[in-house]
Amino acid sequence: MSSLAEALLSCRQVSRYFGSLAAVKDVSLDVMPGEVLGIGGPNGAGKSTLFDVITGLVPASAGSISFAGRSISGKGADEICHAGVARTFQLNAAFEHLSVQENIEVAAHFGSTARIFPGFRVAASARAAAAESLETVGLIGKSAQRAGALPVFDRKLLMIAGAIVTKPKILFLDEPVGGLNRDEIDLIQALIERLRTSGMTIVVIEHVMRFLLTLSSRVIIMHHGEIIFEGLPGQVAEDRTVVDIYLGQGAAQRLRAHFSDTQHA
Amino acid sequence: MVNFIKDRSSRWTLPADAWIGLLVIIIAVAVPFVIQSRYLLGEVILALIWAGVASQWNLLFGYAGVFSLAPMAFFAFGAYATAMLSYYLGWSVWLSIPAGAIVSIPFSLIIGLACLRLEGVYVALLTFAVAQMMYLLIVTDTGCFQQIGGSCVQFTGGATGFSDFGDFGMRPLLHQYWMIGNYAVVCCGAFLTMLVSWIVIRSPMGLAFRAIRDNPGYAMARGVNRFRTHLLVFGISAFFIGLLGGLYAVHFQAIGPTVFSLSQLLFVIASVVVGGVGSFWGPLLGAVVLTGADEFLSDFGEYRSLGLGLIITAFVVFLPRGLVGEIVHLFALWRRKRQSHV
């Protein structure tokens with residue numbers, strides 16, 4: 001876990017309690033620049049809460065988080081966004097009554113610098129960035145549509161576009177392919193690959209294991225708020241605890257078969 | 001201006017706004033020529049003042065999602081500040097009205113600092129409490145600040161309020177047509193209020209207001225600071241509500257604690273609900289329609305609040321988009337139908 005290279009993001013003994021329930025318990029992890037860290041685990045394992053804590057939507061009960069060498073513990077979600085941490089949400093969050101274009105313009109205008117006074121015009125640079133990110137995800141043709149009227153797949157793309165337009169150093173994706181069909185999953189996967197190649201560090205939560213394991217360079221499995229596994233994607237289906245708690249024998253076998261196939265191919 | 005219009009995504013609404021604005025201005029200019037009755041013109045003035053206040057409450061609630069029940073507190077603050085500056089310091093009303101509007105900003109920010117950390121219904125409760133507190137402080141003020149001709153004047157004017165602190169000076173200027181002068185002044189105030197809110201709504205400020213209204217958590221995660229944005233909308237609306245309060249006080253040459261009454265607050269809210277929450281022209285139409293309806297309601301005295309309550313309920317249940325919202329909705333349906341035929 002410790003490495004000579006400096007971690008982009010590091011969490012030390014981070015916990016979050018809701019009453020007496022520990023949603024996240026003593027989690028320590030480092031995210032290295034340029035890697036894709038996959039996070040899996042059963043429902044209620046604390047994956048999304050960990051995201052909420054790191055991105056400042058929910059304060060940590062204990063522990064410290066630092067990003068790019070600076071502490072971001074206790075900072076507001078907007079400040080953490082300005083620092084270069086962007087995320088998407090499991091429930092397809094959007095500004096329902098705003099157009100696709102406006103959804104992205106908000107993020108472009110407010111996402112990369114704190115604006116004490118928002119001004120009277122959307123900055124030209126923000127406008128250009130908005131067009132670019134809509135182009136990247138492939139929503140440019142739908143920019144006049146109301147976000148609330150978009151189908152699930154487009155809402156996922158809209159969230160990703162809103163995240164990348166803030167020019168983040170690290171991107172947290174919370175179930176980017178949940179509820180999508182196979183073709184759509186492939187499109188999202190290709191999009192994330194492109195983002196990774198462009199140098200973005202990515203942390204992704206997903207239940208679709210094949211997607212998660214193919215994309216990630218390193219995987220963490222959480223259960224009851226704790227990290228129960230950390231290793232390479234190929235090792236996940238071999239780990240006894242993970243198979244018992246999360247995958248089950250059937251899924252583990254299919255994954256193993258899938259990985260030996262891709263290795264031989 | 002043309003540039004501003006061209007590069008927005010929701011293209012068709014903007015030229016429409018410009019046309020509607022032009023039509024409204026033409027009507028506003030024609031009104032004093034058409035309406036001869038001084039009483040009726042007075043009612044139109046009142047409708048314009050409430051339309052301005054309603055447009056600001058719409059900015060707060062309809063656009064930014066801040067459920068503030070303090071609009072009448074800011075209205076009263078602007079009105080009292082205007083009256084007191086003219087009464088005690090002898091300022092010309094032309095100076096004390098803008099001054100009243102300006103001091104409404106820091107006042108609203110202090111209240112905002114206390115209330116806007118909270119969300120939703122708690123903001124409503126706290127702002128309502130602030131307005132009630134102001135009302136009580138004023139009506140229970142019995143200490144003599146000045147003795148005028150043997151009678152006692154409280155610092156806040158007490159239960160009677162202030163009168164004869166100055167006027168627009170239209171009587172010596174326009175003689176029997178002085179009401180038209182007052183109408184012109186109030187018209188300018190309401191026009192300024194609506195023009196600036198239009199600009200604000202179309203700017204990144206409006207974008208931030210609507211984003212936070214739609215999804216506060218998501219807006220925060222995209223770098224929009226909720227608290228600061230809400231303070232901003234509080235300050236902007238307080239300036240214009242305070243300005244309209246000052247105009248109201250000077251137009252009537254009197255201001256008293258009755259502006260805090262629940263029926264005044266209900267009237268403002270009803271104007272927005274009837275016209276259409278979150279639609280730019282809604283509050284104007286709502287205020288005009290309700291002022292007309294109020295002509296009938298006021299015959300029933302204390303049942304006025306009941307009548308307004310029933311109107312609000314009826315619109316929330318049967319026409320939740322409001323009058324303007326319904327018109328826009330029907331227009332959109334018609335457009336879609338026409339497009340699918342082509």
# chains A, B, ... in the order shown; residues from 1 in each chain; ligands from 1
call {"tool": "interface_residues", "arguments": {"of": "chain A", "to": "chain B", "cutoff": "9 Å", "atoms": "only C-alpha atoms", "output": "count of residues only"}}
result
50
call {"tool": "atom_distance", "arguments": {"atom1": "CA of His251 (chain B)", "atom2": "CA of Gly42 (chain B)"}}
result
9.3 Å
call {"tool": "atom_distance", "arguments": {"atom1": "CA of Leu9 (chain A)", "atom2": "CA of Val204 (chain A)"}}
result
14.1 Å
call {"tool": "residues_around", "arguments": {"residues": "region 136-153 of chain B", "least_positions_apart": "6", "cutoff": "12 Å", "atoms": "only C-alpha atoms", "output": "VMD selection string"}}
result
chain B and resid 73 76 to 77 80 84 87 to 88 129 to 130 159 to 163 255 to 261
call {"tool": "residues_around", "arguments": {"residues": "Leu247 (chain B)", "least_positions_apart": "6", "cutoff": "8 Å", "atoms": "only C-alpha atoms", "output": "PyMOL selection string"}}
result
chain B and resi 79+97+186+189
call {"tool": "residues_around", "arguments": {"residues": "Ile65 (chain A)", "least_positions_apart": "3", "cutoff": "6 Å", "atoms": "only C-alpha atoms", "output": "ChimeraX atom specification"}}
result
/A:10-11,71-73
call {"tool": "select_by_dssp", "arguments": {"residues": "region 37-262 of chain A", "states": "strand (DSSP E)", "output": "ChimeraX atom specification"}}
result
/A:37-40,62-67,70-71,85-87,170-174,201-205,218-223,226-231
call {"tool": "write_last_selection", "arguments": {"atoms": "C-alpha atoms", "output": "CSV table (one decimal), in the first residue's frame"}}
result
chain,number,residue,atom,x,y,z
A,37,LEU,CA,-9.2,2.4,-8.3
A,38,GLY,CA,-12.2,0.2,-8.3
A,39,ILE,CA,-14.4,-0.1,-5.2
A,40,GLY,CA,-16.9,-3.0,-4.8
A,62,ALA,CA,-13.1,10.9,12.5
A,63,GLY,CA,-9.9,10.7,10.5
A,64,SER,CA,-8.1,12.9,8.0
A,65,ILE,CA,-8.2,13.3,4.3
A,66,SER,CA,-5.6,15.0,2.2
A,67,PHE,CA,-5.6,15.8,-1.5
A,70,ARG,CA,-3.3,19.6,1.3
A,71,SER,CA,-5.8,18.6,4.0
A,85,VAL,CA,-12.1,16.6,-6.9
A,86,ALA,CA,-15.3,15.9,-9.0
A,87,ARG,CA,-17.8,13.1,-8.6
A,170,ILE,CA,-9.5,13.1,-9.7
A,171,LEU,CA,-12.9,11.8,-10.7
A,172,PHE,CA,-15.2,9.7,-8.4
A,173,LEU,CA,-17.8,7.7,-10.3
A,174,ASP,CA,-20.6,6.2,-8.2
A,201,THR,CA,-7.1,9.7,-11.9
A,202,ILE,CA,-10.3,7.8,-11.4
A,203,VAL,CA,-12.1,6.1,-8.5
A,204,VAL,CA,-15.1,4.0,-9.5
A,205,ILE,CA,-17.8,2.2,-7.5
A,218,ARG,CA,-6.4,-1.8,-8.4
A,219,VAL,CA,-9.5,-3.0,-6.5
A,220,ILE,CA,-10.8,-2.5,-3.0
A,221,ILE,CA,-13.8,-4.5,-1.6
A,222,MET,CA,-15.7,-3.0,1.3
A,223,HIS,CA,-18.0,-4.7,3.7
A,226,GLU,CA,-14.4,-1.6,6.3
A,227,ILE,CA,-11.9,-2.6,3.6
A,228,ILE,CA,-11.8,-6.4,3.4
A,229,PHE,CA,-9.8,-6.8,0.3
A,230,GLU,CA,-7.2,-4.8,-1.6
A,231,GLY,CA,-5.4,-6.0,-4.6
call {"tool": "closest_residue", "arguments": {"among": "A:Val236, A:Met200, A:Val137, A:Leu50", "to": "Gly34 (chain A)", "atoms": "only C-alpha atoms"}}
result
A:Met200
call {"tool": "closest_residue", "arguments": {"among": "B:His175, B:Leu48, B:Leu290, B:Leu95", "to": "Phe267 (chain B)", "atoms": "only C-alpha atoms"}}
result
B:Leu290
call {"tool": "atom_distance", "arguments": {"atom1": "CA of His230 (chain B)", "atom2": "CA of Ala83 (chain A)"}}
result
22.3 Å
call {"tool": "residues_around", "arguments": {"residues": "Tyr246 (chain A)", "least_positions_apart": "3", "cutoff": "12 Å", "atoms": "only C-alpha atoms", "output": "PDB file with C-alpha atoms, in the first residue's frame"}}
result
ATOM      1  CA  GLY A  40     -16.861  -2.979  -4.845  1.00  0.00           C
ATOM      2  CA  GLY A  41     -18.850  -4.576  -2.079  1.00  0.00           C
ATOM      3  CA  PRO A  42     -22.398  -5.431  -1.039  1.00  0.00           C
ATOM      4  CA  ASN A  43     -25.141  -2.813  -0.716  1.00  0.00           C
ATOM      5  CA  GLY A  44     -24.748  -0.851   2.493  1.00  0.00           C
ATOM      6  CA  ALA A  45     -21.004  -1.514   2.620  1.00  0.00           C
ATOM      7  CA  HIS A 207     -21.634  -3.639  -8.854  1.00  0.00           C
ATOM      8  CA  MET A 209     -17.991  -6.767 -11.594  1.00  0.00           C
ATOM      9  CA  ILE A 221     -13.762  -4.471  -1.644  1.00  0.00           C
ATOM     10  CA  MET A 222     -15.675  -3.001   1.291  1.00  0.00           C
ATOM     11  CA  HIS A 223     -18.011  -4.679   3.740  1.00  0.00           C
ATOM     12  CA  HIS A 224     -19.715  -3.185   6.812  1.00  0.00           C
ATOM     13  CA  ILE A 228     -11.837  -6.398   3.440  1.00  0.00           C
ATOM     14  CA  PHE A 229      -9.775  -6.767   0.298  1.00  0.00           C
ATOM     15  CA  VAL A 236     -10.603 -10.574  -6.493  1.00  0.00           C
ATOM     16  CA  ALA A 237     -12.271 -13.823  -7.530  1.00  0.00           C
ATOM     17  CA  ASP A 239     -10.000 -14.219  -2.432  1.00  0.00           C
ATOM     18  CA  ARG A 240     -11.906 -16.426  -0.033  1.00  0.00           C
ATOM     19  CA  THR A 241     -13.469 -13.660   2.053  1.00  0.00           C
ATOM     20  CA  VAL A 242     -14.637 -11.720  -0.997  1.00  0.00           C
ATOM     21  CA  VAL A 243     -16.174 -14.822  -2.551  1.00  0.00           C
ATOM     22  CA  GLN A 249     -19.200 -19.236  -5.878  1.00  0.00           C
ATOM     23  CA  GLY A 250     -21.052 -18.911  -9.173  1.00  0.00           C
ATOM     24  CA  ALA A 251     -20.048 -15.334  -9.930  1.00  0.00           C
ATOM     25  CA  ALA A 252     -16.490 -16.003  -8.800  1.00  0.00           C
TER      26      ALA A 252
END
